[in-house]
Amino acid sequence: MNGISEQVRSLWVPLRDANMLLPNAAVAEVGYYRVPDEKSDMPEWLLGSISWRGQTLPVISIELLCDYPVPANLVYSRLMIINSVRPDGALAFYAIVTAGLPRPLLFGNHLVDEVEDCALLALKCRVFIGREQAVIPDLDHIQGLVEQHWERVT
């Protein structure tokens with residue numbers, strides 16, 4: 001590779017029983033948790049909506065989407081605003097509930113000890129870095145699900 005290290009500025013995002021790894025470019029903002037306004041007839045993982053910069057955004061739970069345990073206490077939770085990965089998508093942003101503040105990570109293949117495929121469509125894979133592990137979400141798939149269900153309730 002001509003001595004050039006390929007690294008991506010990323011965020012190591014805490015979930016309840018897992019971590020999530022996202023590129024910085026995917027995240028518009030991280031803010032305090034607010035209880036979403038509930039909407040009727042939504043899947044359990046689509047928690048409702050919040051108002052953000054004059055827009056109504058859907059709020060999702062990665063844990064519920066992936067059948068992981070959900071935090072009982074949301075005191076330290078945050079809302080992470082995700083940028084659209086679909087240029088012509090119906091949503092420019094949506095929010096994901098996290099279990100705390102993300103930490104920056106300069107991510108590259110040199111850090112990864114192991115990669116494991118995930119059986120869930122919402123996840124691309126799981127990476128192991130030392131004793132820690134993180135899931136890498138399929139943001140295109142997730143956004144497609146959110147848009148599909150969000151159209152029904154708005």
# chains A, B, ... in the order shown; residues from 1 in each chain; ligands from 1
call {"tool": "residues_around", "arguments": {"residues": "A:Leu15", "least_positions_apart": "4", "cutoff": "7 Å", "atoms": "only C-alpha atoms", "output": "CSV table (one decimal) with C-alpha atoms, in the first residue's frame"}}
result
chain,number,residue,atom,x,y,z
A,19,ASN,CA,-20.6,-0.8,20.9
A,20,MET,CA,-21.2,0.7,17.5
A,98,THR,CA,-27.0,5.7,22.4
A,99,ALA,CA,-26.1,4.6,26.0
call {"tool": "select_by_dssp", "arguments": {"residues": "stretch 2-125 of chain A", "states": "strand (DSSP E)", "output": "PyMOL selection string"}}
result
chain A and resi 7-14+19-23+27-32+46-52+55-60+78-83+93-98+103-108+114-117+123-125
call {"tool": "atom_distance", "arguments": {"atom1": "atom CA of A:Phe93", "atom2": "atom CA of A:Leu57"}}
result
6.6 Å
call {"tool": "closest_residue", "arguments": {"among": "A:Ile142, A:Met42, A:Ile96, A:Ile62", "to": "A:Ala18", "atoms": "only C-alpha atoms"}}
result
A:Ile62
call {"tool": "closest_residue", "arguments": {"among": "A:Pro69, A:Gly54, A:Gly144, A:Gly108", "to": "A:Asp17", "atoms": "only C-alpha atoms"}}
result
A:Pro69
call {"tool": "select_by_dssp", "arguments": {"residues": "stretch 3-153 of chain A", "states": "helix (DSSP H, G or I)", "output": "MDAnalysis selection string"}}
result
chainID A and resid 24:26 62:65 109:111 139:153
call {"tool": "closest_residue", "arguments": {"among": "A:Ser40, A:Gln143, A:Gln133, A:Gln148", "to": "A:Trp12", "atoms": "only C-alpha atoms"}}
result
A:Gln133
call {"tool": "closest_residue", "arguments": {"among": "A:Cys125, A:Leu91, A:Val59, A:Leu22", "to": "A:Asp37", "atoms": "only C-alpha atoms"}}
result
A:Val59
call {"tool": "atom_distance", "arguments": {"atom1": "atom CA of A:Pro87", "atom2": "atom CA of A:Trp150"}}
result
17.3 Å
call {"tool": "closest_residue", "arguments": {"among": "A:Gln7, A:Leu79, A:Ile50, A:Arg86", "to": "A:Val112", "atoms": "only C-alpha atoms"}}
result
A:Gln7
call {"tool": "closest_residue", "arguments": {"among": "A:Phe107, A:Trp45, A:Val13, A:Val97", "to": "A:Asp67", "atoms": "only C-alpha atoms"}}
result
A:Trp45
